Structure formats: C-alpha cells, structure tokens
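So this one's data-v6.txt, compact mmCIF, C-alpha atoms:
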```txt
# COMPACT_ATOMS: atom_id res chain seq x y z
CA MET A 1 -145.95 34.68 -67.26
CA THR A 2 -144.94 32.96 -64.09
CA HIS A 3 -144.81 29.22 -63.52
CA GLN A 4 -147.54 27.34 -61.71
CA ASP A 5 -147.40 24.50 -59.20
CA GLY A 6 -146.22 21.30 -60.86
CA GLU A 7 -144.21 23.15 -63.49
CA LYS A 8 -140.51 23.87 -63.45
CA PRO A 9 -139.46 27.48 -63.93
CA PRO A 10 -138.51 27.53 -67.64
CA THR A 11 -134.84 26.82 -68.21
CA LEU A 12 -134.82 26.98 -72.02
CA LEU A 13 -136.71 29.15 -74.48
CA ASP A 14 -137.79 28.11 -77.95
CA ALA A 15 -137.46 31.60 -79.38
CA HIS A 16 -139.34 30.89 -82.62
CA CYS A 17 -141.98 28.21 -82.99
CA HIS A 18 -145.47 27.94 -84.48
CA LEU A 19 -147.29 26.47 -81.52
CA ASP A 20 -150.66 27.60 -82.85
CA TRP A 21 -150.30 25.07 -85.70
CA GLU A 22 -150.51 22.21 -83.20
CA ALA A 23 -153.87 20.44 -82.89
CA ASP A 24 -153.96 21.25 -79.16
CA PRO A 25 -151.58 24.15 -78.52
CA ALA A 26 -152.48 24.47 -74.84
CA ALA A 27 -151.70 20.80 -74.15
CA VAL A 28 -148.34 21.06 -75.94
CA ALA A 29 -147.52 24.23 -74.00
CA ARG A 30 -148.44 22.54 -70.72
CA ALA A 31 -146.24 19.52 -71.47
CA CYS A 32 -143.31 21.77 -72.40
CA GLY A 33 -143.81 23.77 -69.21
CA GLN A 34 -143.61 20.58 -67.17
CA ARG A 35 -140.18 20.02 -68.75
CA GLY A 36 -139.05 23.57 -68.01
CA VAL A 37 -139.31 24.94 -71.55
CA ALA A 38 -140.82 28.29 -72.51
CA LEU A 39 -142.15 29.00 -76.00
CA ALA A 40 -142.26 32.11 -78.17
CA CYS A 41 -145.16 31.35 -80.50
CA CYS A 42 -144.93 33.26 -83.78
CA THR A 43 -148.08 33.58 -85.87
CA VAL A 44 -148.33 34.31 -89.60
CA THR A 45 -151.54 36.37 -89.77
CA PRO A 46 -153.38 38.64 -87.33
CA GLN A 47 -156.35 36.28 -87.41
CA ALA A 48 -154.10 33.43 -86.25
CA PHE A 49 -152.83 35.63 -83.42
CA LEU A 50 -156.34 36.49 -82.27
CA ALA A 51 -157.41 32.84 -82.36
CA ALA A 52 -154.32 31.70 -80.47
CA ARG A 53 -154.68 34.45 -77.88
CA GLY A 54 -157.73 32.76 -76.46
CA ALA A 55 -156.38 29.23 -76.70
CA LEU A 56 -153.10 30.10 -74.98
CA ALA A 57 -154.30 32.73 -72.50
CA ALA A 58 -153.75 30.40 -69.56
CA ALA A 59 -150.32 29.12 -70.68
CA PRO A 60 -147.78 30.72 -68.31
CA ASN A 61 -144.74 29.56 -70.31
CA VAL A 62 -145.86 31.04 -73.65
CA VAL A 63 -145.39 34.49 -75.12
CA LEU A 64 -147.54 34.97 -78.21
CA GLY A 65 -146.41 37.02 -81.20
CA VAL A 66 -148.59 38.87 -83.68
CA GLY A 67 -147.37 38.12 -87.17
CA SER A 68 -147.57 39.00 -90.83
CA HIS A 69 -145.44 36.41 -92.63
CA PRO A 70 -143.80 37.78 -95.79
CA TRP A 71 -145.01 34.80 -97.86
CA TRP A 72 -148.58 35.63 -96.94
CA VAL A 73 -148.03 39.33 -97.67
CA ALA A 74 -146.40 38.63 -101.04
CA ASP A 75 -149.24 36.45 -102.33
CA GLY A 76 -152.06 38.53 -100.86
CA ARG A 77 -153.22 36.20 -98.11
CA VAL A 78 -152.37 39.07 -95.74
CA SER A 79 -154.16 42.14 -97.11
CA LYS A 80 -153.43 45.83 -96.55
CA GLN A 81 -156.23 45.83 -93.98
CA ASP A 82 -154.61 42.86 -92.25
CA VAL A 83 -151.30 44.73 -92.11
CA GLU A 84 -153.08 47.63 -90.44
CA LEU A 85 -154.53 45.23 -87.89
CA VAL A 86 -151.07 43.77 -87.22
CA ALA A 87 -149.71 47.29 -86.76
CA GLU A 88 -152.51 48.08 -84.31
CA LEU A 89 -151.81 44.90 -82.34
CA ALA A 90 -148.04 45.40 -82.58
CA ALA A 91 -148.34 48.64 -80.66
CA GLU A 92 -149.38 46.57 -77.63
CA ALA A 93 -148.16 42.97 -78.10
CA PRO A 94 -144.87 42.16 -76.35
CA LEU A 95 -143.76 39.98 -79.29
CA VAL A 96 -144.13 40.84 -82.98
CA GLY A 97 -143.45 37.87 -85.21
CA GLU A 98 -143.17 36.31 -87.59
CA VAL A 99 -142.55 39.37 -89.76
CA GLY A 100 -139.90 40.22 -92.30
CA LEU A 101 -138.95 39.95 -95.96
CA ASP A 102 -138.40 37.08 -98.38
CA PHE A 103 -136.86 37.86 -101.76
CA SER A 104 -135.96 34.27 -102.67
CA PRO A 105 -136.26 33.57 -106.43
CA ALA A 106 -139.27 31.29 -106.05
CA ARG A 107 -141.24 34.06 -104.33
CA SER A 108 -139.71 37.29 -105.57
CA ASN A 109 -141.46 39.74 -107.88
CA ALA A 110 -141.51 43.52 -107.92
CA ALA A 111 -145.07 43.98 -106.68
CA GLY A 112 -144.77 41.33 -103.97
CA ASN A 113 -141.43 42.67 -102.76
CA GLU A 114 -142.79 46.21 -102.56
CA ALA A 115 -145.80 44.96 -100.61
CA GLN A 116 -143.52 43.16 -98.18
CA VAL A 117 -141.39 46.25 -97.58
CA ARG A 118 -144.48 48.42 -97.05
CA ALA A 119 -145.94 45.92 -94.61
CA LEU A 120 -142.75 45.49 -92.61
CA THR A 121 -142.21 49.24 -92.48
CA ARG A 122 -145.74 49.87 -91.22
CA ILE A 123 -145.45 47.19 -88.54
CA CYS A 124 -141.98 48.28 -87.41
CA VAL A 125 -143.13 51.91 -87.09
CA ALA A 126 -145.95 50.75 -84.82
CA ALA A 127 -143.73 48.43 -82.80
CA ALA A 128 -141.08 51.11 -82.33
CA ALA A 129 -143.68 53.65 -81.24
CA GLY A 130 -145.15 51.15 -78.79
CA ALA A 131 -141.71 50.42 -77.41
CA GLY A 132 -141.25 54.04 -76.39
CA GLY A 133 -137.76 55.47 -76.19
CA GLY A 134 -138.99 58.99 -76.82
CA PRO A 135 -140.63 61.81 -74.85
CA ALA A 136 -144.12 60.36 -75.34
CA GLY A 137 -143.14 56.73 -74.83
CA GLY A 138 -142.01 54.44 -72.11
CA PRO A 139 -138.65 52.73 -71.68
CA ALA A 140 -136.97 51.41 -74.80
CA GLY A 141 -137.01 47.71 -75.56
CA GLN A 142 -140.55 46.81 -74.55
CA ARG A 143 -141.23 44.95 -77.81
CA ALA A 144 -139.38 41.98 -79.25
CA LEU A 145 -139.41 41.27 -82.99
CA SER A 146 -138.80 37.85 -84.57
CA LEU A 147 -137.62 38.51 -88.11
CA HIS A 148 -137.59 36.40 -91.26
CA ALA A 149 -135.03 37.66 -93.79
CA VAL A 150 -134.32 35.43 -96.80
CA ARG A 151 -132.25 36.97 -99.61
CA SER A 152 -133.27 40.26 -98.00
CA ALA A 153 -131.19 40.78 -94.85
CA GLY A 154 -129.87 44.16 -96.00
CA ALA A 155 -133.33 45.42 -96.90
CA CYS A 156 -134.72 44.12 -93.60
CA LEU A 157 -132.00 45.90 -91.64
CA ASP A 158 -132.68 49.08 -93.65
CA VAL A 159 -136.30 48.97 -92.45
CA LEU A 160 -135.29 48.33 -88.84
CA GLU A 161 -132.93 51.30 -88.92
CA ALA A 162 -135.24 53.68 -90.78
CA THR A 163 -138.24 53.02 -88.52
CA GLY A 164 -136.34 53.16 -85.24
CA ALA A 165 -137.18 49.53 -84.48
CA ALA A 166 -133.49 48.59 -84.33
CA ALA A 167 -132.93 51.12 -81.55
CA ARG A 168 -136.21 50.78 -79.66
CA CYS A 169 -137.08 47.08 -79.96
CA ARG A 170 -135.28 43.83 -79.25
CA CYS A 171 -134.76 42.42 -82.70
CA VAL A 172 -134.13 38.70 -83.18
CA MET A 173 -133.04 37.42 -86.58
CA HIS A 174 -134.66 34.03 -87.08
CA TRP A 175 -132.55 31.45 -88.98
CA PHE A 176 -130.16 34.11 -90.32
CA SER A 177 -128.80 33.32 -93.79
CA GLY A 178 -127.51 36.67 -95.06
CA SER A 179 -123.96 37.59 -96.01
CA SER A 180 -121.12 37.98 -93.54
CA ASP A 181 -121.26 41.76 -94.03
CA GLU A 182 -124.97 41.71 -93.24
CA LEU A 183 -124.27 39.60 -90.18
CA GLY A 184 -121.80 42.20 -88.97
CA ARG A 185 -124.30 44.98 -89.57
CA ALA A 186 -127.02 43.12 -87.68
CA LEU A 187 -124.64 42.69 -84.75
CA ARG A 188 -123.78 46.39 -84.77
CA LEU A 189 -127.50 47.20 -84.68
CA GLY A 190 -127.87 45.07 -81.56
CA CYS A 191 -129.73 42.10 -83.05
CA SER A 192 -129.85 38.67 -81.44
CA PHE A 193 -130.06 35.44 -83.44
CA SER A 194 -132.29 32.40 -82.93
CA VAL A 195 -130.54 29.23 -84.08
CA GLY A 196 -132.17 25.88 -84.76
CA GLU A 197 -131.14 22.48 -86.01
CA ARG A 198 -131.98 23.30 -89.63
CA MET A 199 -129.76 26.37 -89.62
CA LEU A 200 -127.04 24.24 -88.04
CA GLY A 201 -127.50 21.73 -90.84
CA THR A 202 -125.90 24.17 -93.31
CA ARG A 203 -122.23 25.07 -93.59
CA ARG A 204 -122.97 28.80 -93.46
CA GLY A 205 -125.30 28.36 -90.50
CA ARG A 206 -122.70 26.45 -88.52
CA GLU A 207 -120.04 29.04 -89.25
CA TYR A 208 -122.28 31.91 -88.18
CA ALA A 209 -123.27 30.00 -85.04
CA ARG A 210 -119.58 29.56 -84.24
CA GLN A 211 -118.78 33.26 -84.80
CA LEU A 212 -121.70 34.90 -83.02
CA PRO A 213 -121.11 36.35 -79.54
CA ALA A 214 -122.52 33.95 -76.94
CA ALA A 215 -124.69 36.71 -75.47
CA ARG A 216 -126.56 37.13 -78.79
CA LEU A 217 -127.62 33.48 -79.16
CA LEU A 218 -131.06 31.95 -78.66
CA LEU A 219 -132.48 28.53 -79.58
CA GLU A 220 -135.41 27.90 -81.90
CA THR A 221 -137.28 25.02 -83.53
CA ASP A 222 -139.38 26.79 -86.20
CA LEU A 223 -141.84 23.91 -85.75
CA PRO A 224 -144.36 22.70 -86.75
CA ASN A 225 -143.79 23.21 -90.49
CA GLY A 226 -147.44 24.00 -91.15
CA ALA A 227 -150.99 23.75 -89.89
CA GLY A 228 -151.96 20.13 -89.46
CA GLN A 229 -148.32 19.05 -89.21
CA GLY A 230 -147.99 19.10 -85.44
CA VAL A 231 -144.98 17.50 -83.79
CA GLY A 232 -146.25 17.62 -80.20
CA ALA A 233 -144.26 18.52 -77.14
CA GLU A 234 -141.84 15.65 -77.68
CA GLY A 235 -141.07 16.85 -81.19
CA LEU A 236 -140.37 20.40 -80.02
CA LEU A 237 -138.26 19.24 -77.08
CA ALA A 238 -136.26 16.80 -79.23
CA SER A 239 -135.55 19.49 -81.81
CA LEU A 240 -134.39 21.90 -79.11
CA ASP A 241 -132.10 19.26 -77.64
CA ARG A 242 -130.59 18.42 -81.04
CA ALA A 243 -130.01 22.11 -81.70
CA LEU A 244 -128.41 22.59 -78.29
CA THR A 245 -126.15 19.59 -78.81
CA ALA A 246 -125.10 20.72 -82.29
CA LEU A 247 -124.53 24.30 -81.16
CA ALA A 248 -122.34 23.16 -78.27
CA GLN A 249 -120.29 21.03 -80.66
CA VAL A 250 -119.89 23.86 -83.17
CA ARG A 251 -118.75 26.26 -80.47
CA GLY A 252 -116.62 23.70 -78.64
CA VAL A 253 -118.29 24.28 -75.28
CA ASP A 254 -119.99 22.17 -72.64
CA LYS A 255 -123.66 21.59 -73.41
CA ASP A 256 -124.84 22.37 -69.87
CA GLU A 257 -122.80 25.55 -69.73
CA LEU A 258 -124.22 26.62 -73.08
CA ALA A 259 -127.75 25.90 -71.84
CA ALA A 260 -127.12 28.19 -68.86
CA THR A 261 -125.89 30.95 -71.19
CA LEU A 262 -128.93 30.58 -73.45
CA THR A 263 -131.23 30.74 -70.43
CA ALA A 264 -129.56 33.96 -69.31
CA ASN A 265 -129.95 35.35 -72.82
CA ALA A 266 -133.66 34.47 -72.83
CA ARG A 267 -134.07 36.13 -69.44
CA ALA A 268 -132.38 39.29 -70.74
CA LEU A 269 -134.60 39.30 -73.82
CA ALA A 270 -137.75 38.90 -71.74
CA ASP A 271 -136.81 41.54 -69.16
CA GLY A 272 -139.14 44.49 -69.67
CA VAL A 273 -140.89 42.74 -72.57
CA CYS A 274 -142.99 40.16 -70.74
CA THR A 275 -143.05 38.29 -67.44
CA LEU A 276 -141.67 35.04 -68.85
CA ALA A 277 -140.10 33.31 -65.87
CA VAL A 278 -136.79 32.13 -67.32
```

Give the structure from this file in structure tokens form.
Amino acid sequence: MTHQDGEKPPTLLDAHCHLDWEADPAAVARACGQRGVALACCTVTPQAFLAARGALAAAPNVVLGVGSHPWWVADGRVSKQDVELVAELAAEAPLVGEVGLDFSPARSNAAGNEAQVRALTRICVAAAAGAGGGPAGGPAGQRALSLHAVRSAGACLDVLEATGAAARCRCVMHWFSGSSDELGRALRLGCSFSVGERMLGTRRGREYARQLPAARLLLETDLPNGAGQGVGAEGLLASLDRALTALAQVRGVDKDELAATLTANARALADGVCTLAV
C-alpha cells in the first residue's frame, strides 16, 4: 500500500483496530491517511474479513487481517468450517488477526478452551506454511499475526512454538497481560507488543510498557469496541495520541522521539509482509 496524492506517507501505525466495525470504514481510513496514520484492521470472523476486503480494497493505508476471535470460537459463532476458511485465507493474507486464546473465568470451559487451541493451532500451521522459511517456501516472516492471549499467554506461546509460527511469522502480542515469565518467553521468541491506552491504564500494563525493548513496541487502539459502536477517525487518532503520550511518560522519553521509533518499528514489521508505506 503506497500513499496517494493528498495523503501524507503514514507516520504512525495503529497495529490493532477493528476498522470494519465503523459505519463507513473507507471514509475513516481515508481521513486517517490524510493525517498520516496507517491502520492494521483485525477482523473476528472470516466472513467479516471477506466483507471488509471489498470495502477497503482501495485504502492504501490499511492492511486487513483475517481473524478468528477466540470468543467467537469458544461460543460457536466461528465453526470448524469457518476455522478451515480462516486457515485457507491465512496462507495468503499478509496479516492474520485477531486470533488467539482467552481462558478468562467468564469464558473458560473445557470444551471451549479445547476448541480455541485447535483453531489457533490450525491457523498458525497455515500461516507458518504460507510464510515459508523451508525448502518449499519463500523467505521467513511474510505473515504477521496479531494475537489475543488472556489468561492463556503460556498456552498461546506453546502453539506459536509448536507450529513454527514463532519462527516463521512476525508475531505481535495485542494488549499483553500475562505473567512476567511469560513476557520474557515472548521476548525470547521474537514477539512484538502492541500497546494502547487501556493497557497503559493498568499498573501491570504500564510496567510492561516501561520494561519492553523500544524496538519491540507498537501502538494500538483496539477500537471500536463493537459493531455499531464506531468512533470515527477522530476517535482513533485521539486514542493513538493518548497512548503515545502515556507511553512516552512511562518510558521517560520525548514523545516525538518515541513516535519516530514506533514508525521505524512499524516499517520493520511491514517489510516483506505488505507494502504499507510507513
């Protein structure tokens, strides 16, 4: 995705948003592009991905992810057939997300947890195979994954390791809330971390944001919160700015310097994955 006349080359990336939940995703994308902001749009079902693919085809500052949200897998809204479709699409899509595991008490049960692990494993196998890194594949790192891991970071990392996705894909932990040991393991596996204002609103989130290597940091909004709850371009941009301000304060660095680092990180993430012009 390259920028068009009248748009700034993107200088910030929202690494995890739900742009397809906006009433007019293309208009929001266009307004963000005019402000120099690129968007990684994560979907929650393969049907949502396919619908958004048409709506956002002409948006040069958007990379669209094919998703299978663990909440939807756990309660059956994403079926086994849907998971197979996600896996098929994940073999080609530059971004796979939102995918992952959620074992929080309100959602956790044995059957749902097993379904989540099976789904994530199937999708990660496909993404890793599509990313190459072996005799039959192309260069490593040609897929990015945006990963949800609530009360499940260790299990999520197990899947990434076992399937080869940790080695072959560019894995981004969205709103990481695992233990410090799990954080260390994710770092050793090469994961990056997308940080938003809600993560920075927690004590643990602020401490992790302070500790993480600067080169592993990305910004996110995780907005809108649901279909029909659009925030518009101004809402996304304001959330990004609040997150950037809070992150700079937590790390004790200049906001503009941090923005430059985050832009470089986004560029490194996109390199070989898509043509996002950051």

> So what do you get for atom CA of A:Leu244 versus atom CA of A:Ala270, distance-wise?
Replying inline: 19.9 Å

>> If we count only C-alpha atoms and set the cut-off at 12 Å, which residues sit around A:Gly54, ignoring sequence neighbours fewer than 6 positions away in its own chain? Please answer as a list of chain:residue names.
In response: A:Asp20, A:Pro25, A:Ala26, A:Gln47, A:Ala48, A:Leu64

> For A:Leu219, which residue out of A:Thr261, A:Gln116, A:Thr121, A:Ser104 is the nearest one, using only C-alpha atoms?
Replying inline: A:Thr261

Can you list, as a PDB file with C-alpha atoms, in the coordinates of the input, every protein, DNA or RNA residue that comes within 12 Å of A:Asp75 when you count only C-alpha atoms, leaving out same-chain residues fewer than 5 positions away?
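Output (out-v4.pdb):
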```pdb
ATOM      1  CA  SER A  68    -147.570  39.000 -90.830  1.00  0.00           C
ATOM      2  CA  HIS A  69    -145.440  36.410 -92.630  1.00  0.00           C
ATOM      3  CA  PRO A  70    -143.800  37.780 -95.790  1.00  0.00           C
ATOM      4  CA  LYS A  80    -153.430  45.830 -96.550  1.00  0.00           C
ATOM      5  CA  ASP A 102    -138.400  37.080 -98.380  1.00  0.00           C
ATOM      6  CA  ALA A 106    -139.270  31.290-106.050  1.00  0.00           C
ATOM      7  CA  ARG A 107    -141.240  34.060-104.330  1.00  0.00           C
ATOM      8  CA  SER A 108    -139.710  37.290-105.570  1.00  0.00           C
ATOM      9  CA  ASN A 109    -141.460  39.740-107.880  1.00  0.00           C
ATOM     10  CA  ALA A 110    -141.510  43.520-107.920  1.00  0.00           C
ATOM     11  CA  ALA A 111    -145.070  43.980-106.680  1.00  0.00           C
ATOM     12  CA  GLY A 112    -144.770  41.330-103.970  1.00  0.00           C
ATOM     13  CA  ASN A 113    -141.430  42.670-102.760  1.00  0.00           C
ATOM     14  CA  GLU A 114    -142.790  46.210-102.560  1.00  0.00           C
ATOM     15  CA  ALA A 115    -145.800  44.960-100.610  1.00  0.00           C
ATOM     16  CA  GLN A 116    -143.520  43.160 -98.180  1.00  0.00           C
TER      17      GLN A 116
END
```

Write out as JSON lines the residues of stretch 7-122 of chain A that have any atom within 10 Å of an atom of stretch 195-214 of chain A, one row each with the nearest atom pair and its distance in Å to one decimal, counting only C-alpha atoms, sorted by chain and then rising number.
```
{"residue": "A:Asp14", "atom": "CA", "partner": "A:Gly196", "partner_atom": "CA", "distance": 9.1}
{"residue": "A:Ala15", "atom": "CA", "partner": "A:Val195", "partner_atom": "CA", "distance": 8.7}
{"residue": "A:His16", "atom": "CA", "partner": "A:Gly196", "partner_atom": "CA", "distance": 9.0}
```

> So how many Å separate atom CA of A:Ser239 and atom CA of A:Gly97, to one decimal?
Replying inline: 20.3 Å

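When all atoms listed in the file are used to measure the gap to A:Cys32, the shortest distance among A:Ala93, A:Val250, A:Ala149, A:Leu12 belongs to A:Leu12.
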
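The residue that comes closest to A:Gly272, out of A:Pro94, A:Gly76, A:Gly164, A:Pro46 and on the basis of all atoms listed in the file, is A:Pro94.
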
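Taking atom CA of A:Gly154 and atom CA of A:Gln249 as the two end points, the separation is 29.4 Å.
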
Output as a PDB file, in the coordinates of the input: stretch 88-116 of chain A, completed with N, CA and C atoms.
```pdb
ATOM      1  N   GLU A  88    -151.745  47.698 -85.500  1.00  0.00           N
ATOM      2  CA  GLU A  88    -152.510  48.080 -84.310  1.00  0.00           C
ATOM      3  C   GLU A  88    -152.176  47.167 -83.134  1.00  0.00           C
ATOM      4  N   LEU A  89    -152.131  45.863 -83.401  1.00  0.00           N
ATOM      5  CA  LEU A  89    -151.810  44.900 -82.340  1.00  0.00           C
ATOM      6  C   LEU A  89    -150.352  44.997 -81.918  1.00  0.00           C
ATOM      7  N   ALA A  90    -149.469  45.317 -82.878  1.00  0.00           N
ATOM      8  CA  ALA A  90    -148.040  45.400 -82.580  1.00  0.00           C
ATOM      9  C   ALA A  90    -147.702  46.544 -81.640  1.00  0.00           C
ATOM     10  N   ALA A  91    -148.575  47.528 -81.585  1.00  0.00           N
ATOM     11  CA  ALA A  91    -148.340  48.640 -80.660  1.00  0.00           C
ATOM     12  C   ALA A  91    -148.507  48.213 -79.209  1.00  0.00           C
ATOM     13  N   GLU A  92    -149.131  47.039 -78.989  1.00  0.00           N
ATOM     14  CA  GLU A  92    -149.380  46.570 -77.630  1.00  0.00           C
ATOM     15  C   GLU A  92    -148.746  45.214 -77.331  1.00  0.00           C
ATOM     16  N   ALA A  93    -148.649  44.334 -78.329  1.00  0.00           N
ATOM     17  CA  ALA A  93    -148.160  42.970 -78.100  1.00  0.00           C
ATOM     18  C   ALA A  93    -146.681  42.970 -77.717  1.00  0.00           C
ATOM     19  N   PRO A  94    -146.276  42.189 -76.732  1.00  0.00           N
ATOM     20  CA  PRO A  94    -144.870  42.160 -76.350  1.00  0.00           C
ATOM     21  C   PRO A  94    -143.967  41.540 -77.414  1.00  0.00           C
ATOM     22  N   LEU A  95    -144.535  40.640 -78.241  1.00  0.00           N
ATOM     23  CA  LEU A  95    -143.760  39.980 -79.290  1.00  0.00           C
ATOM     24  C   LEU A  95    -144.447  40.221 -80.629  1.00  0.00           C
ATOM     25  N   VAL A  96    -143.655  40.651 -81.617  1.00  0.00           N
ATOM     26  CA  VAL A  96    -144.130  40.840 -82.980  1.00  0.00           C
ATOM     27  C   VAL A  96    -143.387  39.838 -83.854  1.00  0.00           C
ATOM     28  N   GLY A  97    -144.108  38.887 -84.403  1.00  0.00           N
ATOM     29  CA  GLY A  97    -143.450  37.870 -85.210  1.00  0.00           C
ATOM     30  C   GLY A  97    -144.432  36.783 -85.601  1.00  0.00           C
ATOM     31  N   GLU A  98    -144.315  36.230 -86.689  1.00  0.00           N
ATOM     32  CA  GLU A  98    -143.170  36.310 -87.590  1.00  0.00           C
ATOM     33  C   GLU A  98    -143.440  37.414 -88.595  1.00  0.00           C
ATOM     34  N   VAL A  99    -142.479  38.312 -88.761  1.00  0.00           N
ATOM     35  CA  VAL A  99    -142.550  39.370 -89.760  1.00  0.00           C
ATOM     36  C   VAL A  99    -141.198  39.405 -90.476  1.00  0.00           C
ATOM     37  N   GLY A 100    -141.169  40.112 -91.604  1.00  0.00           N
ATOM     38  CA  GLY A 100    -139.900  40.220 -92.300  1.00  0.00           C
ATOM     39  C   GLY A 100    -140.058  40.324 -93.792  1.00  0.00           C
ATOM     40  N   LEU A 101    -139.017  39.872 -94.494  1.00  0.00           N
ATOM     41  CA  LEU A 101    -138.950  39.950 -95.960  1.00  0.00           C
ATOM     42  C   LEU A 101    -138.415  38.645 -96.509  1.00  0.00           C
ATOM     43  N   ASP A 102    -138.911  38.264 -97.694  1.00  0.00           N
ATOM     44  CA  ASP A 102    -138.400  37.080 -98.380  1.00  0.00           C
ATOM     45  C   ASP A 102    -138.323  37.379 -99.866  1.00  0.00           C
ATOM     46  N   PHE A 103    -137.095  37.558-100.351  1.00  0.00           N
ATOM     47  CA  PHE A 103    -136.860  37.860-101.760  1.00  0.00           C
ATOM     48  C   PHE A 103    -136.244  36.661-102.487  1.00  0.00           C
ATOM     49  N   SER A 104    -136.499  35.458-102.011  1.00  0.00           N
ATOM     50  CA  SER A 104    -135.960  34.270-102.670  1.00  0.00           C
ATOM     51  C   SER A 104    -136.552  34.151-104.075  1.00  0.00           C
ATOM     52  N   PRO A 105    -135.809  33.584-105.038  1.00  0.00           N
ATOM     53  CA  PRO A 105    -136.260  33.570-106.430  1.00  0.00           C
ATOM     54  C   PRO A 105    -137.641  32.963-106.632  1.00  0.00           C
ATOM     55  N   ALA A 106    -137.972  31.947-105.868  1.00  0.00           N
ATOM     56  CA  ALA A 106    -139.270  31.290-106.050  1.00  0.00           C
ATOM     57  C   ALA A 106    -140.430  32.184-105.647  1.00  0.00           C
ATOM     58  N   ARG A 107    -140.166  33.220-104.855  1.00  0.00           N
ATOM     59  CA  ARG A 107    -141.240  34.060-104.330  1.00  0.00           C
ATOM     60  C   ARG A 107    -141.124  35.522-104.737  1.00  0.00           C
ATOM     61  N   SER A 108    -140.007  35.883-105.360  1.00  0.00           N
ATOM     62  CA  SER A 108    -139.710  37.290-105.570  1.00  0.00           C
ATOM     63  C   SER A 108    -140.333  37.824-106.858  1.00  0.00           C
ATOM     64  N   ASN A 109    -141.019  38.946-106.735  1.00  0.00           N
ATOM     65  CA  ASN A 109    -141.460  39.740-107.880  1.00  0.00           C
ATOM     66  C   ASN A 109    -141.605  41.167-107.394  1.00  0.00           C
ATOM     67  N   ALA A 110    -141.577  42.115-108.314  1.00  0.00           N
ATOM     68  CA  ALA A 110    -141.510  43.520-107.920  1.00  0.00           C
ATOM     69  C   ALA A 110    -142.689  43.925-107.037  1.00  0.00           C
ATOM     70  N   ALA A 111    -143.895  43.554-107.450  1.00  0.00           N
ATOM     71  CA  ALA A 111    -145.070  43.980-106.680  1.00  0.00           C
ATOM     72  C   ALA A 111    -145.094  43.328-105.309  1.00  0.00           C
ATOM     73  N   GLY A 112    -144.781  42.030-105.252  1.00  0.00           N
ATOM     74  CA  GLY A 112    -144.770  41.330-103.970  1.00  0.00           C
ATOM     75  C   GLY A 112    -143.697  41.856-103.039  1.00  0.00           C
ATOM     76  N   ASN A 113    -142.515  42.147-103.585  1.00  0.00           N
ATOM     77  CA  ASN A 113    -141.430  42.670-102.760  1.00  0.00           C
ATOM     78  C   ASN A 113    -141.778  44.037-102.188  1.00  0.00           C
ATOM     79  N   GLU A 114    -142.389  44.880-103.035  1.00  0.00           N
ATOM     80  CA  GLU A 114    -142.790  46.210-102.560  1.00  0.00           C
ATOM     81  C   GLU A 114    -143.841  46.094-101.461  1.00  0.00           C
ATOM     82  N   ALA A 115    -144.770  45.161-101.636  1.00  0.00           N
ATOM     83  CA  ALA A 115    -145.800  44.960-100.610  1.00  0.00           C
ATOM     84  C   ALA A 115    -145.182  44.505 -99.299  1.00  0.00           C
ATOM     85  N   GLN A 116    -144.202  43.634 -99.387  1.00  0.00           N
ATOM     86  CA  GLN A 116    -143.520  43.160 -98.180  1.00  0.00           C
ATOM     87  C   GLN A 116    -142.820  44.310 -97.455  1.00  0.00           C
TER      88      GLN A 116
END
```
